[in-house]
$ cat data.txt   # compact mmCIF, C-alpha atoms and all ligand atoms
# COMPACT_ATOMS: atom_id res chain seq x y z
CA MET A 29 21.60 46.79 -26.95
CA SER A 30 18.86 44.93 -28.79
CA GLU A 31 15.47 46.46 -29.61
CA ALA A 32 13.85 43.78 -27.44
CA ALA A 33 15.55 45.25 -24.37
CA TYR A 34 13.62 48.51 -24.68
CA HIS A 35 10.73 48.89 -22.20
CA PRO A 36 8.99 52.29 -22.20
CA GLY A 37 8.93 53.71 -18.69
CA LEU A 38 11.36 50.91 -17.74
CA GLU A 39 8.25 48.85 -16.99
CA GLY A 40 9.20 45.45 -15.61
CA VAL A 41 12.92 46.20 -15.87
CA ILE A 42 15.14 45.13 -12.96
CA ALA A 43 17.29 48.26 -12.65
CA GLY A 44 19.26 47.30 -9.55
CA GLU A 45 19.39 45.22 -6.40
CA THR A 46 18.11 46.25 -3.00
CA ALA A 47 17.87 44.73 0.47
CA ILE A 48 15.62 47.54 1.72
CA SER A 49 12.16 46.53 0.58
CA THR A 50 10.32 44.22 -1.74
CA ILE A 51 6.92 44.19 -3.36
CA ALA A 52 6.65 40.48 -2.70
CA GLY A 53 4.99 38.71 -5.61
CA GLY A 54 3.47 42.00 -6.78
CA SER A 55 0.95 42.03 -3.95
CA GLY A 56 2.63 42.44 -0.56
CA LEU A 57 5.15 44.94 0.74
CA ARG A 58 7.98 44.22 3.17
CA TYR A 59 10.57 46.57 4.64
CA ARG A 60 13.77 44.60 5.31
CA GLY A 61 11.72 41.42 5.55
CA TYR A 62 8.94 42.76 7.80
CA ALA A 63 5.39 42.91 6.43
CA ILE A 64 4.12 46.49 6.39
CA GLU A 65 0.92 45.33 8.09
CA ASP A 66 2.96 44.16 11.11
CA LEU A 67 5.02 47.35 11.12
CA ALA A 68 1.99 49.62 10.80
CA ARG A 69 0.15 47.71 13.53
CA GLU A 70 2.99 47.17 15.99
CA ALA A 71 5.89 49.55 15.39
CA SER A 72 6.24 53.30 15.82
CA PHE A 73 7.39 55.30 12.80
CA GLU A 74 10.67 55.91 14.62
CA GLU A 75 11.28 52.13 14.77
CA VAL A 76 10.44 51.83 11.08
CA ALA A 77 12.79 54.69 10.18
CA TYR A 78 15.56 53.09 12.23
CA LEU A 79 14.92 49.75 10.52
CA LEU A 80 15.24 51.36 7.10
CA LEU A 81 18.27 53.51 7.84
CA HIS A 82 20.22 51.12 10.07
CA GLY A 83 19.16 47.77 8.59
CA SER A 84 17.58 46.13 11.66
CA LEU A 85 14.97 46.91 14.30
CA PRO A 86 16.42 48.89 17.21
CA THR A 87 16.83 47.59 20.74
CA ALA A 88 15.07 49.69 23.36
CA ALA A 89 18.33 51.52 24.14
CA ALA A 90 19.16 52.11 20.47
CA LEU A 91 15.65 53.45 19.89
CA GLN A 92 15.98 55.85 22.79
CA ASP A 93 19.31 57.16 21.47
CA PHE A 94 17.85 57.48 17.98
CA CYS A 95 14.88 59.51 19.27
CA GLN A 96 17.23 61.74 21.23
CA ARG A 97 19.33 62.38 18.13
CA LEU A 98 16.18 63.23 16.15
CA ALA A 99 14.96 65.60 18.86
CA ALA A 100 18.35 67.32 19.01
CA ALA A 101 18.41 67.85 15.24
CA ALA A 102 14.79 69.03 14.87
CA PRO A 103 15.12 72.77 15.64
CA LEU A 104 16.03 74.86 12.61
CA GLN A 105 18.78 77.44 12.26
CA ASP A 106 17.50 81.05 12.42
CA GLU A 107 18.87 81.55 8.91
CA ILE A 108 16.51 78.88 7.55
CA ILE A 109 13.50 80.36 9.37
CA ASN A 110 14.42 83.84 8.11
CA PHE A 111 14.77 82.47 4.61
CA MET A 112 11.27 80.98 4.92
CA ARG A 113 9.94 84.38 5.87
CA SER A 114 11.54 85.86 2.76
CA VAL A 115 10.01 83.57 0.09
CA PRO A 116 6.68 84.56 -1.47
CA ARG A 117 3.87 83.50 0.86
CA ASP A 118 2.17 81.39 -1.82
CA THR A 119 5.29 79.25 -2.46
CA SER A 120 4.07 75.67 -2.33
CA ILE A 121 5.35 73.74 0.66
CA MET A 122 6.50 70.98 -1.66
CA ASP A 123 8.66 73.45 -3.58
CA PHE A 124 9.98 74.85 -0.35
CA LEU A 125 10.90 71.39 0.95
CA ARG A 126 12.91 70.83 -2.24
CA THR A 127 14.67 74.14 -1.63
CA ALA A 128 15.14 73.27 2.04
CA ALA A 129 16.81 69.96 1.17
CA SER A 130 19.40 72.01 -0.65
CA ALA A 131 19.60 74.92 1.80
CA LEU A 132 20.02 72.65 4.83
CA ALA A 133 23.18 71.25 3.23
CA HIS A 134 24.85 74.64 3.69
CA PHE A 135 24.46 74.29 7.44
CA ASP A 136 25.50 70.65 7.63
CA ALA A 137 29.20 70.32 8.36
CA GLU A 138 29.21 66.82 6.84
CA ALA A 139 27.35 67.76 3.64
CA ASP A 140 30.13 66.53 1.35
CA ASP A 141 31.18 63.54 3.43
CA THR A 142 29.77 60.52 1.60
CA SER A 143 31.15 57.88 3.98
CA GLY A 144 28.49 55.44 5.18
CA GLU A 145 28.58 56.75 8.78
CA ALA A 146 28.21 60.39 7.72
CA GLN A 147 25.40 59.54 5.30
CA VAL A 148 23.40 57.93 8.12
CA ARG A 149 23.99 60.90 10.41
CA LYS A 150 22.91 63.35 7.68
CA ALA A 151 19.86 61.23 6.88
CA GLU A 152 18.80 61.33 10.53
CA ARG A 153 19.21 65.09 10.61
CA LEU A 154 17.15 65.59 7.45
CA MET A 155 14.47 63.27 8.78
CA ALA A 156 14.35 65.37 11.95
CA GLN A 157 14.40 68.71 10.13
CA PHE A 158 11.75 68.16 7.44
CA PRO A 159 8.77 68.10 9.85
CA THR A 160 9.97 71.38 11.38
CA VAL A 161 10.33 72.93 7.92
CA LEU A 162 6.93 71.68 6.79
CA ALA A 163 5.13 72.88 9.91
CA ALA A 164 6.92 76.24 10.06
CA GLN A 165 6.26 77.00 6.40
CA HIS A 166 2.62 76.00 6.78
CA ARG A 167 2.16 78.21 9.83
CA LEU A 168 3.89 81.18 8.20
CA GLN A 169 1.58 80.79 5.22
CA GLN A 170 -1.40 80.86 7.56
CA GLY A 171 -0.08 84.04 9.18
CA HIS A 172 1.09 82.30 12.39
CA GLU A 173 4.49 82.05 13.99
CA PRO A 174 6.34 78.69 13.80
CA ILE A 175 6.15 76.44 16.86
CA GLU A 176 9.32 74.94 18.31
CA PRO A 177 9.62 71.14 18.17
CA ASP A 178 8.85 69.35 21.45
CA PRO A 179 11.60 66.82 22.23
CA GLN A 180 9.31 64.91 24.63
CA LYS A 181 6.81 63.98 21.92
CA SER A 182 6.84 61.13 19.43
CA PHE A 183 7.73 61.97 15.82
CA ALA A 184 4.05 61.86 14.77
CA ALA A 185 2.76 63.81 17.79
CA ASN A 186 5.46 66.44 17.44
CA LEU A 187 4.58 66.95 13.77
CA LEU A 188 0.92 67.51 14.65
CA TRP A 189 1.92 69.71 17.57
CA MET A 190 4.12 71.96 15.39
CA LEU A 191 1.33 72.25 12.82
CA ARG A 192 -1.38 73.21 15.24
CA GLY A 193 0.02 74.02 18.64
CA GLU A 194 -2.35 71.54 20.32
CA GLN A 195 -1.66 68.23 21.93
CA PRO A 196 -3.00 65.68 19.40
CA SER A 197 -5.37 62.97 20.62
CA PRO A 198 -3.85 59.46 20.80
CA GLN A 199 -6.03 58.53 17.83
CA LEU A 200 -4.74 61.36 15.60
CA GLU A 201 -1.19 60.56 16.66
CA ARG A 202 -1.74 56.92 15.68
CA CYS A 203 -3.26 57.85 12.31
CA MET A 204 -0.29 60.07 11.51
CA ASP A 205 2.16 57.43 12.70
CA VAL A 206 0.56 54.70 10.55
CA SER A 207 0.45 56.89 7.46
CA LEU A 208 4.14 57.77 7.90
CA THR A 209 4.99 54.07 8.14
CA LEU A 210 3.00 53.20 5.02
CA TYR A 211 4.59 55.99 2.97
CA ALA A 212 8.17 55.35 4.14
CA GLU A 213 9.57 53.08 1.45
CA HIS A 214 8.67 51.52 -1.86
CA GLU A 215 11.70 50.07 -3.69
CA PHE A 216 12.49 51.50 -7.15
CA ASN A 217 9.67 54.03 -7.56
CA ALA A 218 10.38 57.17 -9.63
CA SER A 219 11.64 59.42 -6.81
CA THR A 220 13.82 56.74 -5.21
CA PHE A 221 15.28 55.86 -8.57
CA THR A 222 15.99 59.57 -9.16
CA GLY A 223 17.84 59.69 -5.86
CA ARG A 224 19.85 56.59 -6.73
CA VAL A 225 20.78 57.98 -10.16
CA ILE A 226 22.09 61.16 -8.53
CA THR A 227 24.01 59.17 -5.91
CA SER A 228 25.48 56.95 -8.61
CA THR A 229 27.51 59.93 -9.86
CA LEU A 230 29.01 60.03 -6.31
CA SER A 231 27.09 63.22 -5.57
CA ASP A 232 26.04 64.09 -2.02
CA LEU A 233 22.96 63.02 -0.03
CA HIS A 234 21.27 66.43 0.03
CA SER A 235 21.46 66.63 -3.78
CA SER A 236 19.87 63.18 -4.09
CA ILE A 237 17.06 64.10 -1.71
CA ALA A 238 16.40 67.43 -3.47
CA GLY A 239 16.13 65.56 -6.79
CA ALA A 240 13.89 62.91 -5.27
CA ILE A 241 11.51 65.58 -3.95
CA GLY A 242 11.29 67.07 -7.43
CA ALA A 243 10.33 63.65 -8.81
CA LEU A 244 7.81 63.02 -6.05
CA LYS A 245 5.99 66.27 -6.71
CA GLY A 246 4.42 65.10 -10.00
CA PRO A 247 0.74 64.11 -10.00
CA LEU A 248 1.50 60.60 -11.28
CA HIS A 249 3.60 59.99 -8.15
CA GLY A 250 3.35 61.74 -4.78
CA GLY A 251 1.26 64.63 -6.04
CA ALA A 252 -1.67 62.22 -6.44
CA ASN A 253 -2.80 62.42 -2.80
CA GLU A 254 -3.59 66.14 -3.16
CA ARG A 255 -5.44 65.51 -6.43
CA VAL A 256 -7.56 62.82 -4.76
CA MET A 257 -9.02 65.48 -2.49
CA GLU A 258 -9.78 67.67 -5.53
CA VAL A 259 -11.71 64.73 -7.03
CA LEU A 260 -13.72 64.23 -3.85
CA GLU A 261 -14.49 67.95 -3.66
CA GLU A 262 -15.54 67.97 -7.31
CA VAL A 263 -17.87 64.99 -6.81
CA GLY A 264 -19.36 66.67 -3.76
CA THR A 265 -22.13 64.28 -2.72
CA VAL A 266 -22.79 60.56 -2.58
CA GLU A 267 -25.79 61.05 -4.88
CA ASN A 268 -23.54 62.58 -7.51
CA ALA A 269 -20.79 59.95 -7.22
CA GLU A 270 -22.04 57.31 -9.65
CA SER A 271 -22.85 59.65 -12.54
CA TRP A 272 -19.65 61.64 -11.96
CA ILE A 273 -17.38 58.62 -12.07
CA ARG A 274 -19.14 56.98 -15.02
CA THR A 275 -18.83 60.23 -17.00
CA ALA A 276 -15.21 60.70 -15.98
CA LEU A 277 -14.33 57.16 -17.08
CA ALA A 278 -16.24 57.55 -20.34
CA GLU A 279 -14.25 60.73 -20.97
CA LYS A 280 -11.08 58.72 -20.28
CA ARG A 281 -10.15 60.90 -17.34
CA ARG A 282 -7.38 59.60 -15.14
CA ILE A 283 -8.79 59.09 -11.67
CA MET A 284 -6.22 60.05 -9.09
CA GLY A 285 -5.65 57.45 -6.36
CA PHE A 286 -6.32 54.47 -8.66
CA GLY A 287 -3.99 52.16 -10.52
CA HIS A 288 -0.38 51.28 -9.91
CA ARG A 289 2.56 50.30 -12.07
CA VAL A 290 3.30 47.23 -9.94
CA TYR A 291 0.23 46.38 -7.83
CA LYS A 292 -2.24 45.12 -10.37
CA GLU A 293 -4.25 43.16 -7.76
CA GLY A 294 -4.43 46.01 -5.27
CA ASP A 295 -2.15 48.04 -3.07
CA PRO A 296 -1.67 46.39 0.37
CA ARG A 297 -1.08 49.81 1.94
CA ALA A 298 -4.49 51.02 0.74
CA ARG A 299 -6.08 47.84 2.08
CA PHE A 300 -4.50 48.41 5.47
CA LEU A 301 -5.46 52.07 5.68
CA LYS A 302 -9.08 51.77 4.57
CA PRO A 303 -10.52 50.48 7.89
CA LEU A 304 -8.61 53.14 9.84
CA CYS A 305 -10.01 55.73 7.48
CA GLN A 306 -13.54 54.41 7.94
CA GLU A 307 -13.13 54.43 11.73
CA LEU A 308 -11.91 58.01 11.75
CA SER A 309 -14.69 59.12 9.39
CA VAL A 310 -17.27 57.92 11.92
CA GLU A 311 -15.56 59.67 14.79
CA THR A 312 -15.13 62.93 12.91
CA GLY A 313 -18.54 62.96 11.21
CA HIS A 314 -17.26 62.41 7.66
CA GLU A 315 -19.31 59.31 6.84
CA ALA A 316 -20.75 61.03 3.75
CA ILE A 317 -17.30 61.34 2.16
CA GLU A 318 -16.57 57.71 2.98
CA ALA A 319 -19.82 56.65 1.31
CA MET A 320 -18.99 58.73 -1.76
CA ALA A 321 -15.49 57.22 -1.94
CA GLU A 322 -16.98 53.73 -1.67
CA VAL A 323 -19.21 54.30 -4.71
CA ILE A 324 -16.30 55.65 -6.77
CA GLU A 325 -14.05 52.77 -5.71
CA ARG A 326 -16.64 50.14 -6.59
CA ILE A 327 -17.23 51.57 -10.05
CA VAL A 328 -13.56 52.11 -10.93
CA VAL A 329 -12.86 48.49 -9.94
CA GLU A 330 -15.92 47.21 -11.82
CA GLU A 331 -15.38 49.21 -15.00
CA LYS A 332 -11.60 49.46 -15.26
CA GLY A 333 -10.38 46.70 -12.96
CA LEU A 334 -8.22 49.33 -11.25
CA PRO A 335 -7.92 49.00 -7.46
CA PRO A 336 -7.11 52.05 -5.33
CA ASN A 337 -3.55 52.87 -4.35
CA LEU A 338 -2.38 54.29 -1.01
CA ASP A 339 -3.23 57.86 -1.97
CA TRP A 340 -6.94 57.07 -2.20
CA PRO A 341 -7.49 56.39 1.54
CA SER A 342 -4.62 58.53 2.79
CA ALA A 343 -6.04 61.75 1.31
CA ARG A 344 -9.29 61.07 3.13
CA LEU A 345 -7.49 60.15 6.33
CA TYR A 346 -5.60 63.46 6.29
CA HIS A 347 -8.82 65.33 5.55
CA TYR A 348 -10.59 63.68 8.48
CA MET A 349 -7.59 64.60 10.63
CA GLY A 350 -8.30 68.23 9.76
CA LEU A 351 -5.10 68.70 7.74
CA ASP A 352 -4.84 71.15 4.89
CA VAL A 353 -4.53 69.66 1.37
CA SER A 354 -1.40 71.71 0.72
CA ILE A 355 0.58 69.53 3.14
CA TYR A 356 -0.50 66.07 1.91
CA THR A 357 2.40 65.56 -0.52
CA PRO A 358 4.88 67.29 1.82
CA LEU A 359 3.86 64.73 4.49
CA PHE A 360 4.88 62.05 2.00
CA VAL A 361 8.34 63.69 1.87
CA VAL A 362 8.61 63.71 5.68
CA SER A 363 8.10 59.97 5.65
CA ARG A 364 9.82 58.91 2.41
CA VAL A 365 13.07 60.72 3.19
CA THR A 366 13.84 57.64 5.31
CA GLY A 367 13.42 55.31 2.32
CA TRP A 368 15.26 57.63 -0.06
CA ALA A 369 18.21 58.03 2.30
CA SER A 370 18.40 54.26 2.83
CA HIS A 371 18.63 53.81 -0.94
CA VAL A 372 21.26 56.54 -1.24
CA ILE A 373 23.34 54.75 1.39
CA GLU A 374 22.84 51.36 -0.28
CA GLN A 375 23.69 52.76 -3.72
CA MET A 376 26.87 54.40 -2.43
CA ASP A 377 27.94 51.21 -0.64
CA ASN A 378 27.93 49.25 -3.88
CA ASN A 379 28.00 51.85 -6.58
CA ARG A 380 27.97 51.60 -10.31
CA LEU A 381 27.17 54.70 -12.37
CA ILE A 382 23.60 54.43 -13.63
CA ARG A 383 23.83 55.24 -17.30
CA PRO A 384 21.39 53.44 -19.57
CA ARG A 385 21.21 53.81 -23.36
CA SER A 386 18.46 55.20 -25.53
CA ARG A 387 17.03 54.10 -28.84
CA TYR A 388 17.66 56.80 -31.42
CA VAL A 389 14.55 57.89 -33.36
CA GLY A 390 15.86 61.25 -34.69
CA PRO A 391 16.79 62.43 -38.20
CA ASP A 392 19.16 60.56 -40.50
CA PRO A 393 22.66 62.05 -40.83
CA GLN A 394 22.37 65.61 -42.19
CA PRO A 395 24.89 67.66 -44.21
CA TRP A 396 26.12 70.79 -42.38
CA VAL A 397 24.38 74.03 -43.45
CA PRO A 398 26.07 77.38 -42.61
CA VAL A 399 23.80 79.89 -40.84
CA THR A 400 23.72 82.19 -43.88
CA ALA A 401 22.44 79.38 -46.08
CA ARG A 402 19.62 78.24 -43.76
CA ARG A 403 15.97 78.85 -44.65
C1 LIG A 501 0.10 55.11 -11.24
C2 LIG A 501 -0.03 55.04 -12.76
C3 LIG A 501 0.82 56.16 -13.38
C4 LIG A 501 0.50 53.68 -13.22
O1 LIG A 501 0.19 53.59 -14.52
P1 LIG A 501 0.85 52.66 -15.62
O2 LIG A 501 1.35 51.39 -15.08
O3 LIG A 501 1.85 53.49 -16.37
O4 LIG A 501 -0.43 52.33 -16.45
P2 LIG A 501 -0.91 53.12 -17.69
O5 LIG A 501 -0.81 54.59 -17.49
O6 LIG A 501 -0.17 52.53 -18.86
O7 LIG A 501 -2.43 52.70 -17.73
C5 LIG A 501 -2.91 51.45 -18.22
C6 LIG A 501 -4.39 51.61 -18.54
O8 LIG A 501 -5.10 51.88 -17.34
C7 LIG A 501 -5.67 53.17 -17.38
N1 LIG A 501 -5.48 53.82 -16.11
C8 LIG A 501 -4.41 53.66 -15.29
N2 LIG A 501 -4.59 54.38 -14.19
C9 LIG A 501 -5.78 54.99 -14.32
C10 LIG A 501 -6.50 55.85 -13.51
N3 LIG A 501 -6.02 56.24 -12.33
N4 LIG A 501 -7.71 56.31 -13.93
C11 LIG A 501 -8.20 55.90 -15.13
N5 LIG A 501 -7.56 55.07 -15.94
C12 LIG A 501 -6.35 54.63 -15.55
C13 LIG A 501 -4.95 53.91 -18.49
O9 LIG A 501 -5.73 54.95 -19.05
C14 LIG A 501 -4.68 52.79 -19.44
O10 LIG A 501 -5.88 52.50 -20.13
P3 LIG A 501 -5.88 52.13 -21.68
O11 LIG A 501 -5.05 50.87 -21.75
O12 LIG A 501 -7.31 51.97 -21.99
O13 LIG A 501 -5.21 53.30 -22.36
C15 LIG A 501 -1.52 55.22 -13.19
O14 LIG A 501 -2.29 54.16 -12.68
C16 LIG A 501 -2.07 56.56 -12.77
O15 LIG A 501 -1.88 57.56 -13.46
N6 LIG A 501 -2.78 56.63 -11.60
C17 LIG A 501 -3.30 57.89 -11.14
C18 LIG A 501 -2.24 58.65 -10.39
C19 LIG A 501 -1.96 58.05 -9.06
O16 LIG A 501 -2.88 57.72 -8.30
N7 LIG A 501 -0.67 57.96 -8.73
C20 LIG A 501 -0.22 57.43 -7.47
C21 LIG A 501 0.49 56.14 -7.69
S1 LIG A 501 0.92 55.38 -6.15
$ encode --input "data.txt" --output "structure tokens" --more "lines below"
Ligand SMILES: CC(C)(COP(=O)(O)OP(=O)(O)OC[C@H]1O[C@@H](n2cnc3c(N)ncnc32)[C@H](O)[C@@H]1OP(=O)(O)O)[C@@H](O)C(=O)NCCC(=O)NCCS
Amino acid sequence: MSEAAYHPGLEGVIAGETAISTIAGGSGLRYRGYAIEDLAREASFEEVAYLLLHGSLPTAAALQDFCQRLAAAAPLQDEIINFMRSVPRDTSIMDFLRTAASALAHFDAEADDTSGEAQVRKAERLMAQFPTVLAAQHRLQQGHEPIEPDPQKSFAANLLWMLRGEQPSPQLERCMDVSLTLYAEHEFNASTFTGRVITSTLSDLHSSIAGAIGALKGPLHGGANERVMEVLEEVGTVENAESWIRTALAEKRRIMGFGHRVYKEGDPRARFLKPLCQELSVETGHEAIEAMAEVIERIVVEEKGLPPNLDWPSARLYHYMGLDVSIYTPLFVVSRVTGWASHVIEQMDNNRLIRPRSRYVGPDPQPWVPVTARR
């Protein structure tokens, strides 16, 4: 391999082929050919998940069957709930989801079946189970009992129901649904690539998903949406926003929710979510946070030329929805498991072991020194 082929962070490197999504021209995002704006506006998250996992939009009958399968798979085994009760109460939900991805494999009769049909069935089950795990763990942490999934509700409404035990308003249901759609898939990002690397060794789906969750957790990836809320809390008021952000930039602080490896002209998902966020801020009395965010956004764009990414509006959206910061990144998992699983299936269908090379920068050849002669 020539030196010229080395790109730190694999920036700009085409590391594989996919038919699942594309960041068209570095500015738009399409899932299997459909613009995310159309999907977020018109489709339910269930339709989007079906599109990703099965390759095409469902017919009405196929969608109904899909929703029934999800509802049937959503309740958790008692062993998993008991296990949740046994972990330290302050275990982060993100860490527990990673553990759950692994633990759920022990109760899945097809765990080691890597045929295409079994992979899809397992992916559907995981997609159905993660919201129940997230909500149950959150409630246990708050000192409440878990709430059973409601098979009559949509995916988004059921998630909100299990978190709070109240029927969500149509508006909150829609906000959750849209955010799940926008987070569902994003070609060769770090967590998806992690999942594909694991699959490329012919390992099983649950292992790939557990690895992907570990990669998503980091603050440069999925963990950013929780850090965005910390920033907004630190800034505190609209009056403080300008001086805070100018100081932070002068100190070369990394502002969570800004910048992207691929979208240099702006993240289309953030653009789509911003008006929804503004609308909800008015209805929930959070205009002051919106105004503060606007000042920060304007100055980061002006000074650094860095547009916001999806995490910038989505953290605010979740806050206005009354959701606890500790579940922001776990919500990303609940959505992205659909994208990850689609990539696992695609990788397995046309596999080649992913095994790049490295450029050696270590010591020159050394003579062997016996332990007794070492200083
Ligand atoms: C996402 C991210 C890792 C992509 O970064 P990247 O393509 O590797 O870009 P780099 O880290 O090389 O940054 C390039 C320049 O922009 C700056 N920069 C990038 N993101 C920045 C941010 N969020 N705040 C401040 N400066 C930032 C870097 O400091 C660097 O400046 P320099 O050239 O003066 O040193 C980066 O933008 C980031 O850390 N964002 C914050 C975390 C985040 O929101 N993640 C969610 C992504 S969806």
$ residues_near_ligand --input "data.txt" --ligand "ligand LIG 501 (chain A)" --cutoff "7 Å" --atoms "only C-alpha atoms and all ligand atoms" --output "VMD selection string"
chain A and resid 247 to 250 252 277 280 to 290 332 334 337 to 339
$ residues_around --input "data.txt" --residues "Arg167 (chain A)" --least-positions-apart "5" --cutoff "9 Å" --atoms "all atoms listed in the file" --output "list in words"
Leu162, His172, Glu173, Pro174, Ile175, Met190, Leu191 and Arg192 of chain A
$ closest_residue --input "data.txt" --among "A:Gly56, A:Gly61, A:Gly294, A:Pro116" --to "Leu79 (chain A)" --atoms "all atoms listed in the file"
A:Gly61
$ closest_residue --input "data.txt" --among "A:Pro86, A:Gly53, A:Gly264, A:Pro296" --to "Asp66 (chain A)" --atoms "all atoms listed in the file"
A:Pro296
$ closest_residue --input "data.txt" --among "A:Trp189, A:Leu208, A:Gln170, A:Val365" --to "Arg126 (chain A)" --atoms "all atoms listed in the file"
A:Val365
$ closest_residue --input "data.txt" --among "A:Ala90, A:Val323, A:Ala139, A:Val206" --to "Ile64 (chain A)" --atoms "all atoms listed in the file"
A:Val206
$ residues_around --input "data.txt" --residues "Glu176 (chain A)" --least-positions-apart "5" --cutoff "10 Å" --atoms "all atoms listed in the file" --output "list in words"
Ala102, Pro103, Leu104, Thr160, Ala163, Ala164, Asn186, Trp189, Met190 and Gly193 of chain A
